[in-house]
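*Asks:* Sharing target_20.pdb, PDB, C-alpha atoms:
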ATOM      1  CA  MET A   4     -88.169 -31.129  27.791
ATOM      2  CA  ASN A   5     -84.975 -29.086  27.828
ATOM      3  CA  PRO A   6     -82.052 -31.423  26.954
ATOM      4  CA  CYS A   7     -79.866 -29.675  29.528
ATOM      5  CA  SER A   8     -82.217 -30.645  32.351
ATOM      6  CA  ARG A   9     -81.216 -34.294  31.877
ATOM      7  CA  ILE A  10     -77.482 -33.616  31.738
ATOM      8  CA  VAL A  11     -76.143 -32.253  34.974
ATOM      9  CA  ALA A  12     -72.389 -32.743  34.479
ATOM     10  CA  LEU A  13     -71.996 -30.868  31.185
ATOM     11  CA  PRO A  14     -70.682 -27.303  31.216
ATOM     12  CA  LEU A  15     -73.229 -24.622  30.415
ATOM     13  CA  LEU A  16     -71.765 -24.041  26.955
ATOM     14  CA  TYR A  17     -73.391 -27.318  25.879
ATOM     15  CA  CYS A  18     -76.874 -26.079  26.697
ATOM     16  CA  GLY A  19     -79.084 -24.678  23.993
ATOM     17  CA  THR A  20     -77.818 -24.419  20.411
ATOM     18  CA  ALA A  21     -74.349 -25.851  20.984
ATOM     19  CA  PHE A  22     -75.801 -28.912  22.746
ATOM     20  CA  ARG A  23     -78.327 -29.559  19.989
ATOM     21  CA  PHE A  24     -75.614 -29.198  17.325
ATOM     22  CA  MET A  25     -73.330 -31.670  19.087
ATOM     23  CA  GLN A  26     -76.178 -34.102  19.706
ATOM     24  CA  LYS A  27     -77.162 -33.960  16.031
ATOM     25  CA  ALA A  28     -73.567 -34.637  14.965
ATOM     26  CA  HIS A  29     -73.367 -37.636  17.337
ATOM     27  CA  GLU A  30     -76.631 -38.986  15.967
ATOM     28  CA  GLU A  31     -75.446 -38.594  12.369
ATOM     29  CA  TRP A  32     -72.163 -40.400  13.051
ATOM     30  CA  MET A  33     -74.042 -43.172  14.849
ATOM     31  CA  ARG A  34     -76.460 -43.508  11.943
ATOM     32  CA  THR A  35     -73.453 -43.922   9.639
ATOM     33  CA  ALA A  36     -72.023 -46.675  11.864
ATOM     34  CA  ILE A  37     -75.387 -48.451  11.897
ATOM     35  CA  ASP A  38     -75.690 -48.130   8.104
ATOM     36  CA  LEU A  39     -72.223 -49.657   7.769
ATOM     37  CA  ALA A  40     -73.339 -52.606   9.911
ATOM     38  CA  LEU A  41     -76.496 -53.038   7.809
ATOM     39  CA  GLU A  42     -74.538 -52.949   4.554
ATOM     40  CA  ASN A  43     -72.090 -55.492   5.930
ATOM     41  CA  VAL A  44     -74.926 -57.940   6.620
ATOM     42  CA  ARG A  45     -76.603 -57.301   3.255
ATOM     43  CA  ARG A  46     -73.347 -58.021   1.407
ATOM     44  CA  GLY A  47     -72.691 -61.158   3.452
ATOM     45  CA  ARG A  48     -69.291 -59.853   4.573
ATOM     46  CA  GLY A  49     -69.670 -60.530   8.286
ATOM     47  CA  GLY A  50     -71.534 -59.774  11.459
ATOM     48  CA  PRO A  51     -73.903 -56.843  12.035
ATOM     49  CA  PHE A  52     -71.289 -54.454  13.394
ATOM     50  CA  GLY A  53     -69.918 -51.172  12.077
ATOM     51  CA  ALA A  54     -67.584 -48.594  13.603
ATOM     52  CA  LEU A  55     -66.171 -45.164  12.786
ATOM     53  CA  VAL A  56     -63.281 -43.098  14.115
ATOM     54  CA  VAL A  57     -63.937 -39.349  13.963
ATOM     55  CA  LYS A  58     -61.602 -36.476  14.788
ATOM     56  CA  ASP A  59     -62.489 -32.786  14.754
ATOM     57  CA  GLY A  60     -65.749 -33.557  12.977
ATOM     58  CA  ASN A  61     -64.046 -35.520  10.181
ATOM     59  CA  LEU A  62     -64.270 -39.225   9.433
ATOM     60  CA  ILE A  63     -60.789 -40.705   9.806
ATOM     61  CA  ALA A  64     -61.598 -44.390   9.290
ATOM     62  CA  SER A  65     -64.360 -46.950   9.352
ATOM     63  CA  GLY A  66     -64.595 -50.674   9.838
ATOM     64  CA  ALA A  67     -67.137 -53.441   9.541
ATOM     65  CA  ASN A  68     -66.969 -56.873  11.103
ATOM     66  CA  SER A  69     -65.152 -59.301   8.804
ATOM     67  CA  VAL A  70     -64.401 -62.184  11.169
ATOM     68  CA  THR A  71     -65.800 -64.889   8.909
ATOM     69  CA  VAL A  72     -64.596 -63.597   5.531
ATOM     70  CA  GLU A  73     -61.075 -62.944   6.836
ATOM     71  CA  ASN A  74     -60.967 -66.036   9.081
ATOM     72  CA  ASP A  75     -59.723 -63.677  11.778
ATOM     73  CA  PRO A  76     -61.414 -63.678  15.192
ATOM     74  CA  THR A  77     -59.943 -60.221  15.887
ATOM     75  CA  ALA A  78     -61.505 -58.626  12.778
ATOM     76  CA  HIS A  79     -64.197 -56.818  14.750
ATOM     77  CA  ALA A  80     -65.501 -53.511  13.400
ATOM     78  CA  GLU A  81     -63.919 -51.476  16.188
ATOM     79  CA  VAL A  82     -60.490 -53.086  15.785
ATOM     80  CA  ILE A  83     -60.559 -52.621  12.015
ATOM     81  CA  ALA A  84     -61.571 -48.959  12.384
ATOM     82  CA  ILE A  85     -58.893 -48.329  15.027
ATOM     83  CA  ARG A  86     -56.182 -49.953  12.894
ATOM     84  CA  ALA A  87     -57.204 -47.942   9.843
ATOM     85  CA  ALA A  88     -57.353 -44.689  11.833
ATOM     86  CA  CYS A  89     -53.883 -45.269  13.259
ATOM     87  CA  ARG A  90     -52.530 -45.842   9.743
ATOM     88  CA  ALA A  91     -54.338 -42.770   8.409
ATOM     89  CA  LEU A  92     -53.033 -40.539  11.207
ATOM     90  CA  GLY A  93     -49.579 -42.122  11.366
ATOM     91  CA  ALA A  94     -49.937 -42.679  15.098
ATOM     92  CA  PHE A  95     -50.481 -45.582  17.452
ATOM     93  CA  GLN A  96     -52.659 -43.535  19.775
ATOM     94  CA  LEU A  97     -55.881 -41.786  18.820
ATOM     95  CA  ASP A  98     -55.955 -38.853  21.232
ATOM     96  CA  GLY A  99     -58.728 -36.444  20.336
ATOM     97  CA  CYS A 100     -60.658 -39.108  18.409
ATOM     98  CA  THR A 101     -64.140 -40.465  19.033
ATOM     99  CA  LEU A 102     -65.332 -43.953  18.159
ATOM    100  CA  TYR A 103     -68.925 -44.604  17.103
ATOM    101  CA  THR A 104     -69.937 -48.238  17.026
ATOM    102  CA  SER A 105     -73.219 -49.930  16.282
ATOM    103  CA  CYS A 106     -72.997 -52.106  19.402
ATOM    104  CA  GLU A 107     -71.405 -52.064  22.840
ATOM    105  CA  PRO A 108     -67.784 -53.162  22.421
ATOM    106  CA  CYS A 109     -66.803 -56.665  23.442
ATOM    107  CA  PRO A 110     -63.947 -57.079  25.958
ATOM    108  CA  MET A 111     -61.327 -57.278  23.177
ATOM    109  CA  CYS A 112     -62.607 -54.129  21.476
ATOM    110  CA  LEU A 113     -62.906 -52.322  24.791
ATOM    111  CA  GLY A 114     -59.257 -53.145  25.421
ATOM    112  CA  ALA A 115     -58.353 -51.786  21.973
ATOM    113  CA  ILE A 116     -60.280 -48.576  22.719
ATOM    114  CA  PHE A 117     -58.269 -48.030  25.886
ATOM    115  CA  TRP A 118     -54.924 -48.973  24.288
ATOM    116  CA  ALA A 119     -55.610 -46.562  21.415
ATOM    117  CA  ARG A 120     -56.349 -43.805  23.951
ATOM    118  CA  LEU A 121     -59.520 -42.687  22.220
ATOM    119  CA  THR A 122     -61.087 -39.685  23.911
ATOM    120  CA  GLU A 123     -64.570 -41.236  24.043
ATOM    121  CA  TYR A 124     -66.804 -43.818  22.419
ATOM    122  CA  TYR A 125     -70.517 -44.108  21.699
ATOM    123  CA  PHE A 126     -72.460 -47.290  21.042
ATOM    124  CA  ALA A 127     -75.998 -47.881  19.801
ATOM    125  CA  CYS A 128     -76.976 -51.344  21.083
ATOM    126  CA  SER A 129     -76.147 -53.014  24.368
ATOM    127  CA  ARG A 130     -74.333 -56.297  24.864
ATOM    128  CA  THR A 131     -77.732 -57.704  25.892
ATOM    129  CA  SER A 132     -79.133 -56.882  22.446
ATOM    130  CA  ALA A 133     -76.098 -58.540  20.847
ATOM    131  CA  ALA A 134     -76.593 -61.646  22.987
ATOM    132  CA  GLN A 135     -80.232 -61.876  21.931
ATOM    133  CA  ALA A 136     -79.023 -61.875  18.306
ATOM    134  CA  GLY A 137     -76.549 -64.699  19.022
ATOM    135  CA  PHE A 138     -73.424 -62.655  19.820
ATOM    136  CA  ASP A 139     -73.000 -63.346  23.514
ATOM    137  CA  ASP A 140     -69.655 -62.364  25.018
ATOM    138  CA  ALA A 141     -70.797 -62.469  28.644
ATOM    139  CA  PHE A 142     -68.695 -65.582  29.185
ATOM    140  CA  ILE A 143     -65.547 -63.571  28.380
ATOM    141  CA  TYR A 144     -66.454 -60.895  30.917
ATOM    142  CA  ASP A 145     -66.955 -63.706  33.437
ATOM    143  CA  GLN A 146     -63.648 -65.403  32.572
ATOM    144  CA  VAL A 147     -61.621 -62.245  33.227
ATOM    145  CA  ASN A 148     -62.508 -62.506  36.920
ATOM    146  CA  PHE A 149     -60.995 -65.991  37.272
ATOM    147  CA  ALA A 150     -57.337 -66.726  37.887
ATOM    148  CA  PRO A 151     -55.649 -67.781  34.618
ATOM    149  CA  GLY A 152     -55.507 -71.485  35.550
ATOM    150  CA  GLU A 153     -59.209 -71.509  36.495
ATOM    151  CA  ARG A 154     -60.526 -70.187  33.169
ATOM    152  CA  SER A 155     -62.343 -72.409  30.664
ATOM    153  CA  ILE A 156     -59.247 -72.037  28.477
ATOM    154  CA  PRO A 157     -56.593 -72.244  31.179
ATOM    155  CA  GLY A 158     -53.489 -70.097  31.205
ATOM    156  CA  TYR A 159     -50.336 -71.189  32.978
ATOM    157  CA  PHE A 160     -47.615 -68.955  34.429
ATOM    158  CA  MET A 161     -44.309 -70.273  33.126
ATOM    159  CA  GLN A 162     -41.490 -68.199  34.553
ATOM    160  CA  THR A 163     -38.108 -68.997  33.061
ATOM    161  CA  ALA A 164     -34.602 -67.755  33.832
ATOM    162  CA  SER A 165     -34.702 -65.468  30.771
ATOM    163  CA  CYS A 166     -38.310 -64.238  30.911
ATOM    164  CA  LEU A 167     -37.418 -60.765  32.200
ATOM    165  CA  GLU A 168     -34.658 -60.128  29.633
ATOM    166  CA  PRO A 169     -36.955 -58.367  27.110
ATOM    167  CA  PHE A 170     -38.138 -55.936  29.822
ATOM    168  CA  ALA A 171     -34.588 -55.235  30.944
ATOM    169  CA  GLU A 172     -33.568 -54.591  27.337
ATOM    170  CA  TRP A 173     -36.555 -52.265  26.922
ATOM    171  CA  ALA A 174     -35.550 -50.326  30.033
ATOM    172  CA  ARG A 175     -32.012 -49.839  28.656
ATOM    173  CA  SER A 176     -32.995 -49.091  25.072
ATOM    174  CA  ASN A 177     -32.633 -45.653  23.521
ATOM    175  CA  LEU A 178     -34.777 -46.805  20.593
ATOM    176  CA  LYS A 179     -38.020 -47.293  22.518
ATOM    177  CA  THR A 180     -41.147 -45.242  22.037
ATOM    178  CA  PRO A 181     -42.976 -45.186  25.371
ATOM    179  CA  TYR A 182     -46.682 -45.884  25.387
TER     180      TYR A 182
END
Before anything else, please render the file you have as structure tokens.

*Replies:*
Amino acid sequence: MNPCSRIVALPLLYCGTAFRFMQKAHEEWMRTAIDLALENVRRGRGGPFGALVVKDGNLIASGANSVTVENDPTAHAEVIAIRAACRALGAFQLDGCTLYTSCEPCPMCLGAIFWARLTEYYFACSRTSAAQAGFDDAFIYDQVNFAPGERSIPGYFMQTASCLEPFAEWARSNLKTPY
């Protein structure tokens, strides 16, 4: 089957040789992310998750889940890779970068992907596969839809007389870097 027959939205330049080249590159980067996840499990360093940040065909940074060894619930592979890529590039946004991750990002990692302004991301396994392996984040997706006070860990709006001062200072500041 012609790979272009399955992809309607891609420009014609992706058909034929160029498409196959790009697909092969994506597959190789994904294989590297999966290998990173496997190595992480084999070394007992954390969960079965690996991630890479790639720009212009070059590996910028990688990360593997280290939640349990770092005692850090935010030490997911994607977050670690994004942090390392930002340091490597000297930027807080990753425009023009692609993330490859061994599993569909959880809500926290998805948020990090959007805040980092990655151009695109690819994942190998679905959240359903992760849940079957004991990594179920469906409850977080569900909690986002509730009002803060109705969540299983409730949040309470606590407006004070001074709560808006930091935003007002930000608006006046000449030192800010917009993002």

*Asks:* Draw an axis-aligned box over all listed atoms of stretch 41-52 of chain A, pad each side with 5 Å, and write its centre and edge lengths in Å, one decimal, as AutoDock Vina command-line options.

*Replies:*
--center_x -72.9 --center_y -57.1 --center_z 7.4 --size_x 17.3 --size_y 18.2 --size_z 22.0

*Asks:* Spell out the residues picked by the PyMOL selection byres ((chain A and resi 182) around 12) here, as a ChimeraX atom specification.

*Replies:* /A:94-96,117-120,179-181

*Asks:* May I ask for the distance between atom CA of A:Ile63 and atom CA of A:Ala91, given in Å to one decimal place?

*Replies:*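 The value is 6.9 Å.
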
*Asks:* Given the file above and the PyMOL selection byres ((chain A and resi 39-55) around 8), which residues are selected, and can you give them as a list in words?

*Replies:* Trp32, Thr35, Ala36, Ile37, Asp38, Val56, Val57, Leu62, Ile63, Ala64, Ser65, Gly66, Ala67, Asn68, Ser69, Val70, Thr71, Val72, His79, Ala80, Glu81, Ala84, Leu102, Tyr103, Thr104, Ser105 and Cys106 of chain A

*Asks:* Please list as a list in words every residue within 12 Å of stretch 133-135 of chain A, counting only C-alpha atoms and excluding residues in the same chain fewer than 2 positions away.

*Replies:*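 Everything that qualifies: Gly50, Pro51, Phe52, Ser105, Cys106, Glu107, Pro108, Cys109, Phe126, Ala127, Cys128, Ser129, Arg130, Thr131, Gly137, Phe138, Asp139, Asp140, Ala141 and Phe142 of chain A.
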
*Asks:* Just how far from atom CA of A:Tyr125 is atom CA of A:Leu113, in Å to one decimal?

*Replies:*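 Atom-to-atom, atom CA of A:Leu113 and atom CA of A:Tyr125 are spaced 11.6 Å apart.
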
*Asks:* Report, in Å with one decimal, the straight-line distance from atom CA of A:Thr101 to atom CA of A:Glu123.

*Replies:*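 The value is 5.1 Å.
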
*Asks:* So, with only C-alpha atoms as the atoms that count, which of A:Pro110, A:Lys27, A:Tyr124, A:Ala174 lies closest to A:Gln146?

*Replies:*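 Looking only at the distances to A:Gln146, the closest residue turns out to be A:Pro110.
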
*Asks:* Just checking: using only C-alpha atoms, which residue out of A:Val82, A:Leu121, A:Met25, A:Cys112 ends up closest to A:Cys100?

*Replies:*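 Smallest separation from A:Cys100 among the options: A:Leu121.
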
*Asks:* Is there a way to complete stretch 65-76 of chain A with all heavy atoms and then write that out as a compact mmCIF listing (two decimals), in the frame of the given file?

*Replies:*
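Okay, out.txt is ready:
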# COMPACT_ATOMS: atom_id res chain seq x y z
N SER A 65 -63.19 -46.15 9.01
CA SER A 65 -64.36 -46.95 9.35
C SER A 65 -63.98 -48.42 9.29
O SER A 65 -62.96 -48.78 8.70
CB SER A 65 -65.52 -46.65 8.40
OG SER A 65 -65.18 -47.04 7.08
N GLY A 66 -64.82 -49.24 9.88
CA GLY A 66 -64.60 -50.67 9.84
C GLY A 66 -65.90 -51.41 10.01
O GLY A 66 -66.81 -50.92 10.67
N ALA A 67 -65.98 -52.56 9.38
CA ALA A 67 -67.14 -53.44 9.54
C ALA A 67 -66.61 -54.82 9.90
O ALA A 67 -65.52 -55.21 9.47
CB ALA A 67 -67.96 -53.49 8.25
N ASN A 68 -67.37 -55.55 10.67
CA ASN A 68 -66.97 -56.87 11.10
C ASN A 68 -66.67 -57.75 9.88
O ASN A 68 -67.46 -57.82 8.94
CB ASN A 68 -68.09 -57.49 11.93
CG ASN A 68 -67.77 -58.88 12.40
OD1 ASN A 68 -67.81 -59.82 11.62
ND2 ASN A 68 -67.46 -59.01 13.67
N SER A 69 -65.51 -58.39 9.90
CA SER A 69 -65.15 -59.30 8.80
C SER A 69 -64.51 -60.57 9.35
O SER A 69 -63.64 -61.16 8.71
CB SER A 69 -64.23 -58.60 7.79
OG SER A 69 -63.03 -58.19 8.40
N VAL A 70 -64.95 -61.00 10.52
CA VAL A 70 -64.40 -62.18 11.17
C VAL A 70 -64.47 -63.40 10.25
O VAL A 70 -63.47 -64.09 10.06
CB VAL A 70 -65.15 -62.46 12.50
CG1 VAL A 70 -64.81 -63.83 13.05
CG2 VAL A 70 -64.82 -61.37 13.52
N THR A 71 -65.63 -63.65 9.68
CA THR A 71 -65.80 -64.89 8.91
C THR A 71 -65.17 -64.82 7.52
O THR A 71 -64.64 -65.82 7.04
CB THR A 71 -67.29 -65.26 8.79
OG1 THR A 71 -68.00 -64.16 8.22
CG2 THR A 71 -67.88 -65.59 10.15
N VAL A 72 -65.20 -63.68 6.88
CA VAL A 72 -64.60 -63.60 5.53
C VAL A 72 -63.08 -63.53 5.58
O VAL A 72 -62.41 -63.95 4.64
CB VAL A 72 -65.15 -62.42 4.68
CG1 VAL A 72 -66.63 -62.61 4.41
CG2 VAL A 72 -64.88 -61.09 5.32
N GLU A 73 -62.53 -63.03 6.69
CA GLU A 73 -61.08 -62.94 6.84
C GLU A 73 -60.51 -64.12 7.63
O GLU A 73 -59.29 -64.25 7.74
CB GLU A 73 -60.69 -61.64 7.54
CG GLU A 73 -61.07 -60.38 6.79
CD GLU A 73 -60.26 -60.20 5.52
OE1 GLU A 73 -59.12 -60.69 5.44
OE2 GLU A 73 -60.79 -59.56 4.59
N ASN A 74 -61.41 -64.96 8.18
CA ASN A 74 -60.97 -66.04 9.08
C ASN A 74 -60.05 -65.47 10.16
O ASN A 74 -58.97 -66.00 10.43
CB ASN A 74 -60.28 -67.16 8.30
CG ASN A 74 -61.24 -67.88 7.40
OD1 ASN A 74 -62.38 -68.18 7.79
ND2 ASN A 74 -60.82 -68.15 6.18
N ASP A 75 -60.51 -64.39 10.77
CA ASP A 75 -59.72 -63.68 11.78
C ASP A 75 -60.65 -63.30 12.93
O ASP A 75 -61.47 -62.39 12.80
CB ASP A 75 -59.11 -62.42 11.15
CG ASP A 75 -58.30 -61.59 12.13
OD1 ASP A 75 -58.27 -61.91 13.34
OD2 ASP A 75 -57.69 -60.60 11.68
N PRO A 76 -60.53 -63.98 14.07
CA PRO A 76 -61.41 -63.68 15.19
C PRO A 76 -61.22 -62.28 15.78
O PRO A 76 -62.04 -61.84 16.56
CB PRO A 76 -61.08 -64.76 16.22
CG PRO A 76 -59.71 -65.22 15.87
CD PRO A 76 -59.57 -65.04 14.38
